[in-house]
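Q: Before we start, here is the structure in question, set down as structure tokens.
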Number of protein chains: 2
Amino acid sequence: MGTRELGLPQRAAADGLPSRVTIWEVGPRDGLQNESTIVPVEVKLEFLDRLADAGLTTLEATSFVSPKWVPQLADAEQLLDGLQRREGVRYPVLVPNERGLKRALDAGCRDIAIFGSATETFAQRNLNSTVEKQFDMFEPVVSGARDAGMDVRAYLSMCFGDPWEGPVPYEQVVTAGKRLLDLGCSQLSLGDTIGVATAGQVEGLLAAFAEAGVGVERLAVHFHDTYGQALANTVTALRCGVTTVDSSAGGLGGCPYAESATGNLATEDLLWTLEGLGVETGVDLDKLVATSKWMAERLGRPSPSRVVNALAG
Amino acid sequence: MGTRELGLPQRAAADGLPSRVTIWEVGPRDGLQNESTIVPVEVKLEFLDRLADAGLTTLEATSFVSPKWVPQLADAEQLLDGLQRREGVRYPVLVPNERGLKRALDAGCRDIAIFGSATETFAQRNLNSTVEKQFDMFEPVVSGARDAGMDVRAYLSMCFGDPWEGPVPYEQVVTAGKRLLDLGCSQLSLGDTIGVATAGQVEGLLAAFAEAGVGVERLAVHFHDTYGQALANTVTALRCGVTTVDSSAGGLGGCPYAESATGNLATEDLLWTLEGLGVETGVDLDKLVATSKWMAERLGRPSPSRVVNALAG
């Protein structure tokens with residue numbers, strides 16, 4: 001059987017799918033923070049530069065979470081100091097609290113993201129807070145950022161399932177998500193943190209937001225591929241009108257063969273879908289694949305992205 | 001962050017998806033024939049037994065293709081001789097020609113499958129024939145099998161893209177597929193042999209079959225995960241009314257980290273979706289995961305199935 005690979009998928013539009021999609025690249029932050037290897041700041045800077053060169057326009061660069069919890073991103077200031085910002089590219093950073101906001105302001109950031117929880121257990125474990133108290137914690141962060149002219153995105157974790165609480169009711173997610181938006185966030189990214197969701201849940205949650213009056217243009221989706229569902233769920237979300245999708249170059253953050261393949265949706269696999277659907281993204285797939293292959297070599301392990309393996313082999 | 005895994009997805013039906021799906025398990029045939037390791041016949045027999053025990057009811061057992069081409073399945077007679085057939089389980093075997101049919105009849109098979117090509121280049125390379133001549137080759141096989149009371153499925157390869165010819169026109173696929181059905185085959189399995197398809201093509205091809213008067217109940221889909229699209233395309237096909245899906249336990253046939261991750265859709269990843277959608281399959285996911293983990297150990301490499309890695313870790 002022949003093994004010559006085709007460079008790009010053939011194109012055919014599909015019913016009810018959008019003509020334009022924004023990829024929110026989370027590899028440098030959500031990807032690298034979940035890798036066991038700590039990547040030197042020079043490598044991160046080259047990574048960001050290569051991602052921008054490939055045509056990605058939203059690069060979540062790093063996080064101001066305490067280095068005690070996320071040693072992988074302890075070099076946030078150094079990174080932002082060395083970053084060659086490109087015109088037309090946004091470099092949001094994750095900010096957990098007012099101290100983080102101050103650091104982001106000092107580093108010249110113009111876009112930040114906060115991260116909340118839809119469930120009590122995760123609010124306790126990840127934020128050392130409660131679902132209710134997190135809004136008090138985020139309020140001064142969002143208002144301070146907005147006063148400084150920043151744009152603020154909100155992540156909401158555990159939107160579909162929680163490892164301690166199980167299924168998460170739609171209403172609970174919608175209530176928490178609306179509270180975050182009401183603080184002044186421009187966008188809400190719905191995270192399937194443990195990767196358990198399937199198509200019916202995705203439709204159900206998006207319908208619940210619509211019923212609650214939250215326009216789909218304010219929503220993004222953030223799927224992890226723990227159970228192989230990330231791309232199928234993304235296509236379902238696109239059918240529901242979502243046009244911003246989070247993904248991670250090379251599927252960073254997940255090990256392709258270890259027990260916990262909890263990585264994000266790989267940007268390359270998403271791009272293959274979007275190219276196939278004739279959706280313009282402005283991203284050069286070959287450049288991105290070369291970048292992810294290069295990063296996998298830095299990490300000393302193969303990429304979990306199917307497309308990277310197929311094209312870079 | 002918590003890492004305790006949930007045993008099963010929570011359930012939520014989705015619009016336009018079927019309530020019942022038949023899984024056509026191809027791991028013992030399409031999976032093992034693409035593994036570099038040659039598995040002993042005793043291991044194959046235990047594999048088949050465990051798959052039936054997990055609740056799968058269609059197990060494509062082996063192939064009567066020449067051992068010169070597929071040494072992995074050279075033990076077809078031995079396997080079928082040792083097979084403890086279970087009531088309610090079908091064990092189709094792949095048959096390339098009249099000689100293969102005779103061997104299948106001698107081995108007591110009741111279900112066979114033939115495999116055709118939608119493209120000239122693949123017909124030449126895989127069948128040493130042409131698109132037109134393949135029907136002459138298959139005609140006596142199908143009629144002989146039907147005369148003997150057998151059920152015959154037809155596979156059609158390269159339905160979406162061909163590595164030498166590129167995109168394959170829908171009409172070309174429909175014409176070849178109808179010819180195979182008209183020979184007397186009960187079902188046509190549409191194969192994305194090189195894994196390039198995306199949602200729009202899946203919809204387009206299924207619509208072309210519907211327009212040509214082929215009922216969707218006669219169609220199955222067979223996706224490979226080379227570019228990570230297999231499950232997303234399967235969900236799209238389910239939305240179009242397809243209710244028979246081919247998959248391979250543990251994603252057998254694909255290496256999780258080598259250049260050519262050309263495996264089939266993993267049955268476990270499909271099951272996760274179906275369970276999530278509330279579709280009854282009768283398959284015990286835990287038993288299947290344990291079986292795929294056991295087989296991965298026999299093959300000396302991890303499973304490419306995300307669910308197997310998440311649950312068996």
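Starting from 1 in every chain, residues are counted up; chains themselves are A, B, ... following the order of the structure tokens, and ligands are numbered from 1 as listed.
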Just want the 10 Å neighbourhood of Glu203 (chain A), counted on only C-alpha atoms, with same-chain residues fewer than 2 positions away dropped. Output as a ChimeraX atom specification.

A: /A:198-201,205-208,233,236-237,239-240 /B:12-15

Q: Based on the selection just made, write all heavy atoms of those residues as a short mmCIF file (atom, residue, chain, number, x, y, z; two decimals), in the first residue's frame.

A:
```cif
data_model
loop_
_atom_site.label_atom_id
_atom_site.label_comp_id
_atom_site.auth_asym_id
_atom_site.auth_seq_id
_atom_site.Cartn_x
_atom_site.Cartn_y
_atom_site.Cartn_z
N THR A 198 -19.01 14.19 25.73
CA THR A 198 -19.35 13.70 24.40
C THR A 198 -20.35 14.68 23.76
O THR A 198 -20.76 15.66 24.39
CB THR A 198 -19.90 12.26 24.44
OG1 THR A 198 -20.97 12.21 25.39
CG2 THR A 198 -18.82 11.28 24.87
N ALA A 199 -20.74 14.37 22.51
CA ALA A 199 -21.46 15.35 21.69
C ALA A 199 -22.75 15.88 22.33
O ALA A 199 -23.05 17.08 22.24
CB ALA A 199 -21.77 14.73 20.33
N GLY A 200 -23.52 15.00 22.97
CA GLY A 200 -24.78 15.43 23.55
C GLY A 200 -24.61 16.47 24.64
O GLY A 200 -25.37 17.43 24.74
N GLN A 201 -23.58 16.26 25.47
CA GLN A 201 -23.31 17.23 26.53
C GLN A 201 -22.88 18.57 25.97
O GLN A 201 -23.24 19.62 26.50
CB GLN A 201 -22.17 16.71 27.40
CG GLN A 201 -22.57 15.78 28.48
CD GLN A 201 -21.37 15.50 29.34
OE1 GLN A 201 -20.47 14.76 28.91
NE2 GLN A 201 -21.31 16.09 30.51
N LEU A 205 -24.92 21.87 26.88
CA LEU A 205 -24.38 23.01 27.61
C LEU A 205 -24.47 24.29 26.78
O LEU A 205 -24.84 25.35 27.30
CB LEU A 205 -22.93 22.74 28.02
CG LEU A 205 -22.28 23.86 28.84
CD1 LEU A 205 -23.05 24.12 30.13
CD2 LEU A 205 -20.82 23.55 29.14
N LEU A 206 -24.17 24.17 25.49
CA LEU A 206 -24.24 25.37 24.64
C LEU A 206 -25.68 25.86 24.51
O LEU A 206 -25.94 27.07 24.51
CB LEU A 206 -23.60 25.08 23.28
CG LEU A 206 -22.08 24.89 23.34
CD1 LEU A 206 -21.54 24.37 22.01
CD2 LEU A 206 -21.37 26.19 23.72
N ALA A 207 -26.62 24.93 24.46
CA ALA A 207 -28.03 25.33 24.43
C ALA A 207 -28.44 26.01 25.72
O ALA A 207 -29.20 26.99 25.71
CB ALA A 207 -28.91 24.10 24.17
N ALA A 208 -27.92 25.53 26.84
CA ALA A 208 -28.24 26.14 28.13
C ALA A 208 -27.71 27.56 28.21
O ALA A 208 -28.37 28.46 28.75
CB ALA A 208 -27.68 25.29 29.27
N ASN A 233 -15.78 16.62 19.73
CA ASN A 233 -16.53 17.61 20.50
C ASN A 233 -16.37 19.01 19.91
O ASN A 233 -17.30 19.82 19.93
CB ASN A 233 -16.09 17.61 21.96
CG ASN A 233 -16.60 16.38 22.69
OD1 ASN A 233 -17.54 15.73 22.24
ND2 ASN A 233 -15.98 16.05 23.81
N THR A 236 -18.61 19.33 16.98
CA THR A 236 -19.97 19.52 17.49
C THR A 236 -20.18 20.97 17.94
O THR A 236 -21.21 21.58 17.64
CB THR A 236 -20.25 18.55 18.65
OG1 THR A 236 -20.20 17.22 18.15
CG2 THR A 236 -21.60 18.80 19.28
N ALA A 237 -19.20 21.52 18.64
CA ALA A 237 -19.32 22.92 19.09
C ALA A 237 -19.37 23.88 17.91
O ALA A 237 -20.13 24.85 17.92
CB ALA A 237 -18.15 23.27 20.02
N ARG A 239 -20.63 23.24 15.04
CA ARG A 239 -22.00 23.11 14.52
C ARG A 239 -22.98 23.95 15.33
O ARG A 239 -24.01 24.36 14.81
CB ARG A 239 -22.46 21.66 14.56
CG ARG A 239 -21.94 20.81 13.45
CD ARG A 239 -22.59 19.43 13.46
NE ARG A 239 -21.75 18.43 12.83
CZ ARG A 239 -21.63 18.27 11.52
NH1 ARG A 239 -22.32 19.02 10.71
NH2 ARG A 239 -20.83 17.35 11.01
N CYS A 240 -22.66 24.14 16.61
CA CYS A 240 -23.55 24.93 17.48
C CYS A 240 -23.24 26.43 17.37
O CYS A 240 -23.83 27.23 18.09
CB CYS A 240 -23.41 24.49 18.93
SG CYS A 240 -23.96 22.80 19.23
N ALA B 12 -25.84 11.98 27.73
CA ALA B 12 -26.71 13.02 27.19
C ALA B 12 -26.91 12.72 25.72
O ALA B 12 -25.94 12.68 24.96
CB ALA B 12 -26.08 14.40 27.38
N ALA B 13 -28.14 12.50 25.33
CA ALA B 13 -28.42 12.25 23.92
C ALA B 13 -28.13 13.51 23.10
O ALA B 13 -28.14 14.62 23.63
CB ALA B 13 -29.87 11.82 23.73
N ALA B 14 -27.87 13.34 21.81
CA ALA B 14 -27.60 14.49 20.95
C ALA B 14 -28.59 14.47 19.79
O ALA B 14 -29.03 13.41 19.36
CB ALA B 14 -26.18 14.46 20.44
N ASP B 15 -28.87 15.65 19.30
CA ASP B 15 -29.83 15.77 18.19
C ASP B 15 -29.37 14.99 16.97
O ASP B 15 -28.22 15.09 16.55
CB ASP B 15 -29.96 17.25 17.79
CG ASP B 15 -30.87 17.99 18.76
OD1 ASP B 15 -31.52 17.32 19.59
OD2 ASP B 15 -30.90 19.23 18.70
#
```

Q: Just want the 9 Å neighbourhood of Gly177 (chain A), counted on only C-alpha atoms, with same-chain residues fewer than 4 positions away dropped. Output as a list in words.

A: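 Listed by chain and then number, they are Gly116, Ser117, Ala118, Ala154, Tyr155, Leu156, Gln172, Val173, Leu181, Asp182, Leu188, Ser189, Leu190 and Phe209 of chain A.
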
Q: My list of candidates is B:Ala310, B:Leu265, B:Ala52, B:Val70. Which is closest to Tyr91 (chain B) when distances are computed with only C-alpha atoms?

A: B:Ala52

Q: How would you write, as a list in words, the set of residues in region 32-94 of chain B that DSSP gives as alpha helix (DSSP H)?

A: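 Secondary structure check on region 32-94 of chain B, alpha helix (DSSP H): Val41, Glu42, Val43, Lys44, Leu45, Glu46, Phe47, Leu48, Asp49, Arg50, Leu51, Ala52, Asp53, Ala76, Glu77, Gln78, Leu79, Leu80, Asp81 and Gly82 of chain B.
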
Q: Find the residues around Asp225 (chain A) up to 7 Å (only C-alpha atoms counted), leave out those fewer than 5 positions away in its own chain, and share them as a PyMOL selection string.

A: chain A and resi 195+230+262-265

Q: Enter the distance from CA of Ala61 (chain A) to CA of Asp111 (chain A), in Å, rounded to one decimal.

A: 10.2 Å

Q: Mind checking which residues fall within 12 Å of Asp106 (chain A), counting only C-alpha atoms, ignoring those fewer than 5 positions away in the same chain, and posting them as a CSV table (one decimal) with N, CA, C and O atoms, in the first residue's frame?

A:
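Saved result, selection-v2.csv, follows:
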```csv
chain,number,residue,atom,x,y,z
A,64,PHE,N,1.1,33.8,35.5
A,64,PHE,CA,1.7,34.3,36.7
A,64,PHE,C,1.2,33.6,38.0
A,64,PHE,O,1.1,34.1,39.1
A,76,ALA,N,8.1,33.5,34.0
A,76,ALA,CA,7.2,34.3,33.3
A,76,ALA,C,7.7,35.7,33.0
A,76,ALA,O,7.6,36.2,31.8
A,77,GLU,N,8.3,36.4,34.0
A,77,GLU,CA,8.8,37.8,33.8
A,77,GLU,C,9.9,37.8,32.7
A,77,GLU,O,10.0,38.6,31.8
A,78,GLN,N,10.8,36.8,32.9
A,78,GLN,CA,12.0,36.7,32.0
A,78,GLN,C,11.4,36.5,30.5
A,78,GLN,O,11.9,37.1,29.6
A,80,LEU,N,8.5,37.3,29.2
A,80,LEU,CA,7.8,38.5,28.7
A,80,LEU,C,8.8,39.6,28.4
A,80,LEU,O,8.6,40.4,27.5
A,81,ASP,N,9.9,39.6,29.2
A,81,ASP,CA,10.9,40.6,29.0
A,81,ASP,C,11.6,40.4,27.6
A,81,ASP,O,12.0,41.3,26.9
A,99,ARG,N,-2.1,40.2,42.7
A,99,ARG,CA,-0.6,40.2,42.6
A,99,ARG,C,-0.2,39.8,41.2
A,99,ARG,O,0.7,40.4,40.6
A,100,GLY,N,-0.9,38.8,40.6
A,100,GLY,CA,-0.6,38.4,39.2
A,100,GLY,C,-0.9,39.5,38.2
A,100,GLY,O,-0.1,39.7,37.3
A,101,LEU,N,-2.0,40.2,38.5
A,101,LEU,CA,-2.3,41.3,37.6
A,101,LEU,C,-1.2,42.4,37.6
A,101,LEU,O,-0.8,42.9,36.6
A,145,ALA,N,-7.8,45.3,35.5
A,145,ALA,CA,-7.3,45.0,34.2
A,145,ALA,C,-8.1,45.9,33.2
A,145,ALA,O,-7.5,46.5,32.3
A,148,ALA,N,-7.1,49.4,33.2
A,148,ALA,CA,-5.8,49.6,32.5
A,148,ALA,C,-5.9,49.3,31.0
A,148,ALA,O,-4.9,49.3,30.3
```

Q: Using only C-alpha atoms, which of the listed residues (A:Thr273, A:Asn97, A:Ser157, A:Thr175) sits closest to Val202 (chain B)?

A: A:Thr273

Q: So that I can check the surroundings of Leu285 (chain A), please list as a PyMOL selection string every protein, DNA and RNA residue that reaches within 10 Å of it, counting only C-alpha atoms and ignoring chain neighbours fewer than 5 positions away.

A: chain A and resi 7-8+54-55+267-269+271-272+275+290-291+307-308+311

Q: Now that the selection is made, can you save its residues with N, CA, C and O atoms as an mmCIF file, in the first residue's frame?

A:
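Generated file (result_21.cif):
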```
data_model
loop_
_atom_site.group_PDB
_atom_site.id
_atom_site.type_symbol
_atom_site.label_atom_id
_atom_site.label_comp_id
_atom_site.auth_asym_id
_atom_site.auth_seq_id
_atom_site.Cartn_x
_atom_site.Cartn_y
_atom_site.Cartn_z
ATOM 1 N N GLY A 7 -0.310 16.507 1.289
ATOM 2 C CA GLY A 7 0.092 17.682 2.057
ATOM 3 C C GLY A 7 -1.048 18.327 2.810
ATOM 4 O O GLY A 7 -0.899 18.764 3.928
ATOM 5 N N LEU A 8 -2.195 18.355 2.212
ATOM 6 C CA LEU A 8 -3.355 19.009 2.828
ATOM 7 C C LEU A 8 -4.608 18.214 2.489
ATOM 8 O O LEU A 8 -4.659 17.541 1.463
ATOM 9 N N ALA A 54 4.181 30.874 12.008
ATOM 10 C CA ALA A 54 3.284 29.939 11.320
ATOM 11 C C ALA A 54 1.920 30.562 11.036
ATOM 12 O O ALA A 54 1.121 29.987 10.302
ATOM 13 N N GLY A 55 1.646 31.721 11.655
ATOM 14 C CA GLY A 55 0.409 32.418 11.343
ATOM 15 C C GLY A 55 -0.616 32.433 12.470
ATOM 16 O O GLY A 55 -1.717 32.970 12.302
ATOM 17 N N THR A 267 -3.347 21.437 17.900
ATOM 18 C CA THR A 267 -3.678 22.472 16.918
ATOM 19 C C THR A 267 -3.609 21.927 15.493
ATOM 20 O O THR A 267 -4.435 22.277 14.639
ATOM 21 N N GLU A 268 -2.643 21.063 15.229
ATOM 22 C CA GLU A 268 -2.498 20.518 13.875
ATOM 23 C C GLU A 268 -3.706 19.673 13.483
ATOM 24 O O GLU A 268 -4.137 19.707 12.327
ATOM 25 N N ASP A 269 -4.228 18.867 14.422
ATOM 26 C CA ASP A 269 -5.377 18.019 14.107
ATOM 27 C C ASP A 269 -6.615 18.885 13.849
ATOM 28 O O ASP A 269 -7.416 18.609 12.950
ATOM 29 N N LEU A 271 -6.441 21.988 12.739
ATOM 30 C CA LEU A 271 -6.190 22.656 11.454
ATOM 31 C C LEU A 271 -6.546 21.760 10.286
ATOM 32 O O LEU A 271 -7.046 22.235 9.260
ATOM 33 N N TRP A 272 -6.245 20.465 10.417
ATOM 34 C CA TRP A 272 -6.595 19.536 9.333
ATOM 35 C C TRP A 272 -8.101 19.578 9.084
ATOM 36 O O TRP A 272 -8.557 19.653 7.940
ATOM 37 N N GLU A 275 -9.004 23.087 7.537
ATOM 38 C CA GLU A 275 -8.586 23.143 6.125
ATOM 39 C C GLU A 275 -9.554 22.314 5.283
ATOM 40 O O GLU A 275 -9.963 22.724 4.201
ATOM 41 N N ALA A 290 6.423 21.491 11.681
ATOM 42 C CA ALA A 290 7.877 21.540 11.893
ATOM 43 C C ALA A 290 8.194 22.081 13.291
ATOM 44 O O ALA A 290 9.110 21.601 13.971
ATOM 45 N N THR A 291 7.407 23.049 13.721
ATOM 46 C CA THR A 291 7.607 23.638 15.051
ATOM 47 C C THR A 291 7.319 22.609 16.150
ATOM 48 O O THR A 291 8.073 22.480 17.121
ATOM 49 N N VAL A 307 -1.537 14.360 13.320
ATOM 50 C CA VAL A 307 -1.090 15.049 12.105
ATOM 51 C C VAL A 307 0.418 15.274 12.142
ATOM 52 O O VAL A 307 1.112 15.084 11.136
ATOM 53 N N VAL A 308 0.930 15.669 13.299
ATOM 54 C CA VAL A 308 2.388 15.861 13.403
ATOM 55 C C VAL A 308 3.098 14.560 13.058
ATOM 56 O O VAL A 308 4.057 14.539 12.280
ATOM 57 N N LEU A 311 2.746 13.789 9.202
ATOM 58 C CA LEU A 311 3.425 14.683 8.255
ATOM 59 C C LEU A 311 4.910 14.865 8.540
ATOM 60 O O LEU A 311 5.675 15.182 7.634
#
```
